[in-house]
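Below: the structure, in structure tokens.
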Amino acid sequence: MRVTLLCTVRSCASPLAASGRSHLCANGHSFDLARSGYLNLLQPQDRRSSQPGDTPAAVAARRRFLTAHGSPLDLSSFFAEADTLLDVGCGEGHHLSTLPPAVEAHGVDISVPAIDAAAHRYRDAFFTVANADRFLPYADASFAAVTSITSRMNPPEFRRVLRPEGRLLLALPAPDDLLELRAAVLGSGEERSRVSRTVDLFAPLFTLVHQERVHHTAHLDHQSIEDVMTSSYRGLRTRERERMAAVDGMEVTMSRDVLVFAPR
């Protein structure tokens, strides 16, 4: 593995060295690999709940949906030449599966069920449980590419782990994403674009070099409708669940605004 992991114990951040199924730092902190092969670096003080992140039900729903319908975004079309890539908020790892085998792929997420599912299925990538909002447990300038696909945004940490010549890709839900389904279940139509405020957030550390919208439409049956709503929206109200139960199927737009940045 070319990328160096860092200890997440507060005030440490020392490099971790693999020793059998453990990773150790010079200060004596030790982390063991799980049976499925991922490393849990999440510290107790970095949890907002006893089980942070996606639940097992949400992870299973997202996997069923992506297996059936895929994603409008294929990372291989953007990063075919990258030798190392980090997907922040990787969930169950679907997008890393689109990368060429030569890419050393890493995924980080705060959800243990999501990372466990990713590690079981995608053996060519290395997965880590950590709080990406606080600290990315990787050495400076580790990656040729960093991605965040409808997930976390931490500009200083993204810049720190990205090489000077590297690229950052952010994928945002476009205003028309799930438009038909949101109108039927949530009673809301097209949303406002998130592009401008995201570009402003990253402007101190990054320059926008490419922007495009990727999308496709698919016919979703009732199971797929339940899966995408379960994995995309938490806390649906009773009335919304009743509306969802009444939808047998429909054509639905899946759309992403893709922003590619270069570090300043």
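A note on labels: chains of the structure tokens are A, B, ... as shown, every chain counts residues from 1, and ligands are counted from 1 in their shown order.
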Per residue of region 229-260 of chain A within 6 Å of region 210-220 of chain A, note the shortest atom pair and the distance in Å to one decimal, counting only C-alpha atoms, and order the rows by chain and increasing residue number, as a tab-separated table.
```
residue	atom	partner	partner_atom	distance
A:Gly249	CA	A:Leu220	CA	5.4
A:Met250	CA	A:His219	CA	5.5
A:Glu251	CA	A:His219	CA	4.3
A:Val252	CA	A:Thr217	CA	5.4
A:Thr253	CA	A:Thr217	CA	4.4
A:Met254	CA	A:His215	CA	5.4
A:Ser255	CA	A:His215	CA	4.1
A:Arg256	CA	A:Val214	CA	5.4
A:Asp257	CA	A:Arg213	CA	4.5
A:Val258	CA	A:Glu212	CA	5.3
A:Leu259	CA	A:Gln211	CA	4.7
A:Val260	CA	A:His210	CA	5.0
```
Write out as a ChimeraX atom specification the residues lying within 9 Å of region 44-61 of chain A, counting only C-alpha atoms and excluding same-chain residues fewer than 2 positions away. /A:42,63-66,91-92,109-114,117,130-131,134,224,226-232
Per DSSP on the backbone, filter region 191-252 of chain A down to the residues in alpha helix (DSSP H) and report them as a PyMOL selection string. chain A and resi 195-202+222-232+238-245
Store the residues picked out above in a file with C-alpha atoms, as a PDB file, in the first residue's frame.
```
ATOM      1  CA  VAL A 195     -23.303  24.654  -7.206  1.00  0.00           C
ATOM      2  CA  SER A 196     -22.660  28.337  -6.405  1.00  0.00           C
ATOM      3  CA  ARG A 197     -22.490  27.953  -2.633  1.00  0.00           C
ATOM      4  CA  THR A 198     -20.256  24.880  -2.980  1.00  0.00           C
ATOM      5  CA  VAL A 199     -17.839  26.706  -5.278  1.00  0.00           C
ATOM      6  CA  ASP A 200     -17.741  29.590  -2.786  1.00  0.00           C
ATOM      7  CA  LEU A 201     -17.050  27.197   0.092  1.00  0.00           C
ATOM      8  CA  PHE A 202     -14.033  25.692  -1.670  1.00  0.00           C
ATOM      9  CA  HIS A 222     -41.995  -0.117  -5.973  1.00  0.00           C
ATOM     10  CA  GLN A 223     -39.025  -1.838  -4.295  1.00  0.00           C
ATOM     11  CA  SER A 224     -36.543   0.518  -5.963  1.00  0.00           C
ATOM     12  CA  ILE A 225     -38.662   3.509  -4.946  1.00  0.00           C
ATOM     13  CA  GLU A 226     -38.584   2.378  -1.322  1.00  0.00           C
ATOM     14  CA  ASP A 227     -34.843   1.726  -1.544  1.00  0.00           C
ATOM     15  CA  VAL A 228     -33.871   5.106  -2.986  1.00  0.00           C
ATOM     16  CA  MET A 229     -36.093   7.001  -0.565  1.00  0.00           C
ATOM     17  CA  THR A 230     -34.811   4.993   2.423  1.00  0.00           C
ATOM     18  CA  SER A 231     -31.196   5.619   1.476  1.00  0.00           C
ATOM     19  CA  SER A 232     -31.666   9.285   0.523  1.00  0.00           C
ATOM     20  CA  THR A 238     -46.376   8.901   8.045  1.00  0.00           C
ATOM     21  CA  ARG A 239     -48.154  10.830   5.277  1.00  0.00           C
ATOM     22  CA  GLU A 240     -45.075  10.587   3.036  1.00  0.00           C
ATOM     23  CA  ARG A 241     -44.776   6.855   3.652  1.00  0.00           C
ATOM     24  CA  GLU A 242     -48.423   6.441   2.729  1.00  0.00           C
ATOM     25  CA  ARG A 243     -47.841   8.317  -0.535  1.00  0.00           C
ATOM     26  CA  MET A 244     -44.783   6.177  -1.255  1.00  0.00           C
ATOM     27  CA  ALA A 245     -46.752   2.974  -0.613  1.00  0.00           C
TER      28      ALA A 245
END
```
Closest to Ala68 (chain A) among A:Gly189, A:His94, A:Ala17, A:Leu162, using only C-alpha atoms? A:His94
Coordinates-based distance that separates CA of Leu179 (chain A) from CA of Tyr233 (chain A) (Å, one decimal):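 Answer for the CA of Tyr233 (chain A) to CA of Leu179 (chain A) separation: 13.7 Å.
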With only C-alpha atoms as the basis for distance, which of A:Leu186, A:Pro263, A:Val108, A:Asp116 is at the shortest distance from Phe158 (chain A)?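 Ranked by minimum distance to Phe158 (chain A), first place goes to A:Pro263.
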Just to confirm, what's the straight-line distance from CA of Ala119 (chain A) to CA of Leu136 (chain A) in Å (one decimal)?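 If I compute the distance from CA of Ala119 (chain A) to CA of Leu136 (chain A), I get 18.4 Å.
Near region 79-85 of chain A, within a cut-off of 7 Å and counting only C-alpha atoms, sit the residues Leu75, Ser76, Ser77, Asp87, Pro100, Ala102, Val103, Glu104, Ala105, His106, Phe143, Ala144, Ala145 and Val146 of chain A, with same-chain residues fewer than 2 positions away left out.
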Which residue of A:Leu168, A:Leu41, A:Val3, A:Ala13 approaches Val129 (chain A) most closely, using only C-alpha atoms: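 Nearest to Val129 (chain A): A:Leu41.
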Got a sec: who's within 12 Å of Glu190 (chain A), counting only C-alpha atoms, leaving out chain neighbours fewer than 6 positions off, as a list in words?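 In the requested format, the answer is Pro173, Ala174, Pro175, Asp176, Asp177, Leu178, Leu179, Glu180, Leu181, Arg182, Ala183, Thr253 and Ser255 of chain A.
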Go ahead and write the selection's residues with C-alpha atoms as a PDB file, in the first residue's frame.
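Written out: selection.pdb:
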```
ATOM      1  CA  PRO A 173     -27.572  16.182  -6.248  1.00  0.00           C
ATOM      2  CA  ALA A 174     -28.746  18.307  -9.172  1.00  0.00           C
ATOM      3  CA  PRO A 175     -31.993  20.286  -8.874  1.00  0.00           C
ATOM      4  CA  ASP A 176     -33.839  17.683 -10.960  1.00  0.00           C
ATOM      5  CA  ASP A 177     -32.496  14.636  -9.092  1.00  0.00           C
ATOM      6  CA  LEU A 178     -35.404  12.307  -8.210  1.00  0.00           C
ATOM      7  CA  LEU A 179     -37.686  15.120  -9.327  1.00  0.00           C
ATOM      8  CA  GLU A 180     -40.681  12.957 -10.218  1.00  0.00           C
ATOM      9  CA  LEU A 181     -40.391  10.854  -7.069  1.00  0.00           C
ATOM     10  CA  ARG A 182     -39.946  13.824  -4.757  1.00  0.00           C
ATOM     11  CA  ALA A 183     -43.032  15.457  -6.241  1.00  0.00           C
ATOM     12  CA  THR A 253     -34.524  11.232 -13.203  1.00  0.00           C
ATOM     13  CA  SER A 255     -28.940  13.635 -11.849  1.00  0.00           C
TER      14      SER A 255
END
```
What is the distance, in Å and to one decimal place, between CA of Thr147 (chain A) and CA of Phe206 (chain A)?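 Straight-line distance from CA of Thr147 (chain A) to CA of Phe206 (chain A) works out to 13.6 Å.
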What parts of region 146-248 of chain A does DSSP call strand (DSSP E)? I'd like the answer as a VMD selection string. chain A and resid 146 to 149 162 to 173 206 to 221
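Counting only C-alpha atoms and comparing A:Val161, A:Leu6, A:Ala139, A:Leu169, the residue that lies closest to Leu208 (chain A) is A:Leu169.
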